[in-house]
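Please read the structure below before turning to the comments.
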Amino acid sequence: MFKCSAHAKWILAGEHAVLRGHPAIVFPKMDSQLKLQFEPADRLSISLDTPSENIEQLEALIKTLLIQKKLPPINGILHFDNHIPMGKGFGFSAALSICLAKLLIHFGLKEPLFSLAHQIEHHFHGKSSGLDIAGCLYDKPIYFQNSKIIPLEITSWPHIQLIDSGISARSSLCIQKVYRLFESNPNLAHTVDQEMKISCLMAKEALLTGDIKQLADAIEKGQSCFSKWGLITPEISGQIKMIKENGAIACKLSGAGLGGLLIGLYD
């Protein structure tokens, strides 16, 4: 029998722009995990206890990976015990990629875990920066840029609440929407990337110094990027307004956009 797991993550700053080499900050969410258990059997069988229509696709992906990596077929029962919300910005596909990478390494593939999981995640999003993989691998907040990982030693943790918008959104659709902005208005698209970069740098400094006012400004600047990308629906806008009315000093989407996770900063 083989067992492994990966935890969830949430992003403070740097979404989308990280795909083009800009920095991002990601936090682990250790209380939400995806667990994999493998038992030998006559044939490959997969069970996922979270409702999903992708069991067949997942089985096809595993078989494709085995062929690509020149590994023999896996005969056994793969059971995924999932406690990571799907489509909410918590990194389910990254955690799944990590577990699959650990499984392939267990069966003899000699590749670094981060690199292999990063390759696998491309199958889910078309193109992955590796940010989510890093967030689901490390148990500390990290500053990430071009696959370089720098753990952040935070002495004074901010009071941030993670709020489920109740709306599921596909990351790939949000990524495509941002790419369409680059096609229709490249000057604006590059400007927004630079603004998200500044938001991330501000957030990093604020976390290291404990400056909550600067962190609030960084979060608000990051949220304005989502607005310029066209990734905020009227419903999300209304939720953010309500969160601020209930005491948050700053609030933004976290993840791909159009729904999923909201983060609220409180004094």
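We name chains A, B, ... following the order of the structure tokens; residues begin at 1 in each chain, and ligands are numbered from 1 as shown.
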| message | Which of region 42-206 of chain A end up as strand (DSSP E) when DSSP is run on this backbone - answer as a VMD selection string? | response | chain A and resid 45 to 48 76 to 82 142 to 145 148 to 151 159 to 164
Generate the output file for the selected residues, N, CA and C atoms, as a PDB file, in the first residue's frame.
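That gives us result_35.pdb:
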```pdb
ATOM      1  N   SER A  45      -8.233   1.283 -11.096  1.00  0.00           N
ATOM      2  CA  SER A  45      -9.557   1.760 -10.714  1.00  0.00           C
ATOM      3  C   SER A  45      -9.383   2.991  -9.841  1.00  0.00           C
ATOM      4  N   ILE A  46     -10.207   4.014 -10.082  1.00  0.00           N
ATOM      5  CA  ILE A  46     -10.066   5.285  -9.365  1.00  0.00           C
ATOM      6  C   ILE A  46     -11.378   5.631  -8.681  1.00  0.00           C
ATOM      7  N   SER A  47     -11.279   6.086  -7.435  1.00  0.00           N
ATOM      8  CA  SER A  47     -12.448   6.617  -6.742  1.00  0.00           C
ATOM      9  C   SER A  47     -12.068   7.946  -6.105  1.00  0.00           C
ATOM     10  N   LEU A  48     -12.972   8.911  -6.218  1.00  0.00           N
ATOM     11  CA  LEU A  48     -12.766  10.240  -5.660  1.00  0.00           C
ATOM     12  C   LEU A  48     -14.012  10.596  -4.884  1.00  0.00           C
ATOM     13  N   GLY A  76      -4.069  -1.186  -9.883  1.00  0.00           N
ATOM     14  CA  GLY A  76      -4.431  -1.045  -8.483  1.00  0.00           C
ATOM     15  C   GLY A  76      -5.582  -0.076  -8.314  1.00  0.00           C
ATOM     16  N   ILE A  77      -6.002   0.072  -7.081  1.00  0.00           N
ATOM     17  CA  ILE A  77      -7.111   0.959  -6.734  1.00  0.00           C
ATOM     18  C   ILE A  77      -6.537   2.258  -6.177  1.00  0.00           C
ATOM     19  N   LEU A  78      -6.867   3.353  -6.840  1.00  0.00           N
ATOM     20  CA  LEU A  78      -6.468   4.678  -6.359  1.00  0.00           C
ATOM     21  C   LEU A  78      -7.678   5.336  -5.724  1.00  0.00           C
ATOM     22  N   HIS A  79      -7.566   5.635  -4.439  1.00  0.00           N
ATOM     23  CA  HIS A  79      -8.669   6.320  -3.767  1.00  0.00           C
ATOM     24  C   HIS A  79      -8.207   7.693  -3.310  1.00  0.00           C
ATOM     25  N   PHE A  80      -8.960   8.726  -3.707  1.00  0.00           N
ATOM     26  CA  PHE A  80      -8.664  10.099  -3.313  1.00  0.00           C
ATOM     27  C   PHE A  80      -9.680  10.538  -2.259  1.00  0.00           C
ATOM     28  N   ASP A  81      -9.174  10.846  -1.077  1.00  0.00           N
ATOM     29  CA  ASP A  81      -9.998  11.365   0.016  1.00  0.00           C
ATOM     30  C   ASP A  81      -9.780  12.874   0.050  1.00  0.00           C
ATOM     31  N   ASN A  82     -10.751  13.612  -0.470  1.00  0.00           N
ATOM     32  CA  ASN A  82     -10.528  15.042  -0.690  1.00  0.00           C
ATOM     33  C   ASN A  82     -11.264  15.931   0.307  1.00  0.00           C
ATOM     34  N   ILE A 142       5.190  31.779   0.998  1.00  0.00           N
ATOM     35  CA  ILE A 142       6.354  31.900   0.124  1.00  0.00           C
ATOM     36  C   ILE A 142       6.178  33.032  -0.877  1.00  0.00           C
ATOM     37  N   TYR A 143       7.305  33.616  -1.234  1.00  0.00           N
ATOM     38  CA  TYR A 143       7.413  34.597  -2.315  1.00  0.00           C
ATOM     39  C   TYR A 143       7.925  33.817  -3.520  1.00  0.00           C
ATOM     40  N   PHE A 144       7.189  33.889  -4.620  1.00  0.00           N
ATOM     41  CA  PHE A 144       7.440  33.012  -5.764  1.00  0.00           C
ATOM     42  C   PHE A 144       7.623  33.841  -7.025  1.00  0.00           C
ATOM     43  N   GLN A 145       8.656  33.493  -7.808  1.00  0.00           N
ATOM     44  CA  GLN A 145       8.844  34.151  -9.102  1.00  0.00           C
ATOM     45  C   GLN A 145       9.682  33.253 -10.006  1.00  0.00           C
ATOM     46  N   LYS A 148      11.265  30.207  -8.671  1.00  0.00           N
ATOM     47  CA  LYS A 148      12.151  30.410  -7.524  1.00  0.00           C
ATOM     48  C   LYS A 148      11.295  30.636  -6.286  1.00  0.00           C
ATOM     49  N   ILE A 149      11.588  29.891  -5.229  1.00  0.00           N
ATOM     50  CA  ILE A 149      10.768  29.903  -4.013  1.00  0.00           C
ATOM     51  C   ILE A 149      11.564  30.471  -2.850  1.00  0.00           C
ATOM     52  N   ILE A 150      11.018  31.527  -2.220  1.00  0.00           N
ATOM     53  CA  ILE A 150      11.655  32.144  -1.057  1.00  0.00           C
ATOM     54  C   ILE A 150      10.652  32.125   0.100  1.00  0.00           C
ATOM     55  N   PRO A 151      10.883  31.312   1.142  1.00  0.00           N
ATOM     56  CA  PRO A 151       9.989  31.324   2.310  1.00  0.00           C
ATOM     57  C   PRO A 151      10.007  32.690   2.998  1.00  0.00           C
ATOM     58  N   HIS A 159      -4.482  39.671  10.406  1.00  0.00           N
ATOM     59  CA  HIS A 159      -5.775  39.012  10.628  1.00  0.00           C
ATOM     60  C   HIS A 159      -6.519  38.986   9.293  1.00  0.00           C
ATOM     61  N   ILE A 160      -6.398  37.868   8.592  1.00  0.00           N
ATOM     62  CA  ILE A 160      -7.038  37.688   7.288  1.00  0.00           C
ATOM     63  C   ILE A 160      -8.056  36.564   7.371  1.00  0.00           C
ATOM     64  N   GLN A 161      -9.250  36.824   6.896  1.00  0.00           N
ATOM     65  CA  GLN A 161     -10.293  35.796   6.832  1.00  0.00           C
ATOM     66  C   GLN A 161     -10.457  35.324   5.391  1.00  0.00           C
ATOM     67  N   LEU A 162     -10.600  34.020   5.227  1.00  0.00           N
ATOM     68  CA  LEU A 162     -10.856  33.424   3.920  1.00  0.00           C
ATOM     69  C   LEU A 162     -12.357  33.202   3.787  1.00  0.00           C
ATOM     70  N   ILE A 163     -12.952  33.803   2.769  1.00  0.00           N
ATOM     71  CA  ILE A 163     -14.403  33.812   2.629  1.00  0.00           C
ATOM     72  C   ILE A 163     -14.795  33.185   1.296  1.00  0.00           C
ATOM     73  N   ASP A 164     -15.612  32.165   1.355  1.00  0.00           N
ATOM     74  CA  ASP A 164     -16.087  31.495   0.138  1.00  0.00           C
ATOM     75  C   ASP A 164     -17.209  32.327  -0.472  1.00  0.00           C
TER      76      ASP A 164
END
```
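Proximity ranking of A:Leu96, A:Met196, A:Ile84, A:Ile232 relative to Lys29 (chain A) places A:Ile84 first, based on only C-alpha atoms.
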| query | region 133-231 of chain A: which residues are alpha helix (DSSP H) by DSSP, as a ChimeraX atom specification? | reply | /A:133-137,171-184,186-209,212-229
| said: For Gln239 (chain A), find every residue with an atom within 12 Å (counting only C-alpha atoms), except residues of its own chain fewer than 2 positions away, and show them as an NGL selection string. | reply: :A and (163-167 or 232-237 or 241-246 or 248 or 251-253 or 259-264)
| Which polymer residues have any atom within 12 Å of an atom of region 206-215 of chain A, counting only C-alpha atoms, with same-chain residues fewer than 4 positions away left out, as an NGL selection string? | :A and (12-13 or 25 or 27 or 141-143 or 151-160 or 198-202 or 219-222 or 248-252 or 264-267)
Keeping C-alpha atoms, export the residues of the selection given above as a CSV table (one decimal), in the first residue's frame.
```csv
chain,number,residue,atom,x,y,z
A,12,LEU,CA,-2.4,36.9,-1.4
A,13,ALA,CA,-1.0,38.7,-4.4
A,25,ILE,CA,2.8,35.5,-2.6
A,27,PHE,CA,0.1,30.9,1.8
A,141,PRO,CA,4.1,31.5,3.1
A,142,ILE,CA,6.4,31.9,0.1
A,143,TYR,CA,7.4,34.6,-2.3
A,151,PRO,CA,10.0,31.3,2.3
A,152,LEU,CA,8.7,34.4,4.1
A,153,GLU,CA,9.5,34.7,7.8
A,154,ILE,CA,6.5,36.6,9.1
A,155,THR,CA,6.8,37.7,12.8
A,156,SER,CA,3.4,39.5,13.0
A,157,TRP,CA,0.7,37.6,11.2
A,158,PRO,CA,-2.2,39.8,9.8
A,159,HIS,CA,-5.8,39.0,10.6
A,160,ILE,CA,-7.0,37.7,7.3
A,198,ILE,CA,3.7,46.5,-7.4
A,199,SER,CA,0.8,45.1,-5.3
A,200,CYS,CA,2.9,42.0,-4.6
A,201,LEU,CA,6.1,43.9,-3.7
A,202,MET,CA,4.0,46.2,-1.3
A,219,ILE,CA,-4.7,44.2,-1.3
A,220,GLU,CA,-6.8,47.0,-2.7
A,221,LYS,CA,-4.3,47.5,-5.5
A,222,GLY,CA,-4.5,43.8,-6.3
A,248,ALA,CA,-12.8,44.6,6.7
A,249,ILE,CA,-10.3,47.3,5.9
A,250,ALA,CA,-9.4,45.7,2.5
A,251,CYS,CA,-10.8,42.8,0.4
A,252,LYS,CA,-9.9,41.1,-2.8
A,264,GLY,CA,-10.7,40.1,3.9
A,265,LEU,CA,-8.1,42.0,6.0
A,266,TYR,CA,-9.1,43.1,9.4
A,267,ASP,CA,-7.4,45.6,11.8
```
| Residues near Gly255 (chain A), cut-off 7 Å, only C-alpha atoms, skip fewer than 4 positions along chain, as a PyMOL selection string | chain A and resi 11+15+89+261
| CA of Lys197 (chain A) and CA of Ser227 (chain A) are how many Å apart? | 15.4 Å
| field | Which of A:Ala95, A:Leu258, A:Leu36, A:Ala60 sits closest to Tyr138 (chain A) [using only C-alpha atoms] | value | A:Ala95
| query | Counting only C-alpha atoms, which of A:Gly91, A:Leu65, A:Ser147, A:Gly257 gets nearest to Val178 (chain A)? | reply |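 Among the listed residues, the smallest separation from Val178 (chain A) belongs to A:Gly257.
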Write out, as a tab-separated table, each residue of region 114-208 of chain A that has an atom at most 12 Å from region 99-104 of chain A, together with the closest pair of atoms and their distance in Å to one decimal, counting only C-alpha atoms, rows going by chain and rising number.
```
residue	atom	partner	partner_atom	distance
A:Phe114	CA	A:Ala101	CA	8.4
A:Ser115	CA	A:Ala101	CA	9.1
A:Leu116	CA	A:Ala101	CA	5.9
A:Ala117	CA	A:Ala101	CA	5.2
A:His118	CA	A:Ala101	CA	9.0
A:Gln119	CA	A:Ala101	CA	9.1
A:Ile120	CA	A:Ala101	CA	7.5
A:Glu121	CA	A:Ala101	CA	9.9
A:Ile133	CA	A:Cys99	CA	10.7
A:Cys136	CA	A:Cys99	CA	10.4
A:Leu137	CA	A:Cys99	CA	10.3
```
| query | If we count only C-alpha atoms, what is near Glu59 (chain A) at a cut-off of 9 Å, once residues fewer than 4 positions away on the same chain are taken out, given as a ChimeraX atom specification? | reply | /A:44-46,54-55,63-64
| remark: Using only C-alpha atoms, the residue out of A:Lys110, A:Trp229, A:Gly87, A:Lys35 with shortest distance to Lys70 (chain A) is A:Lys110
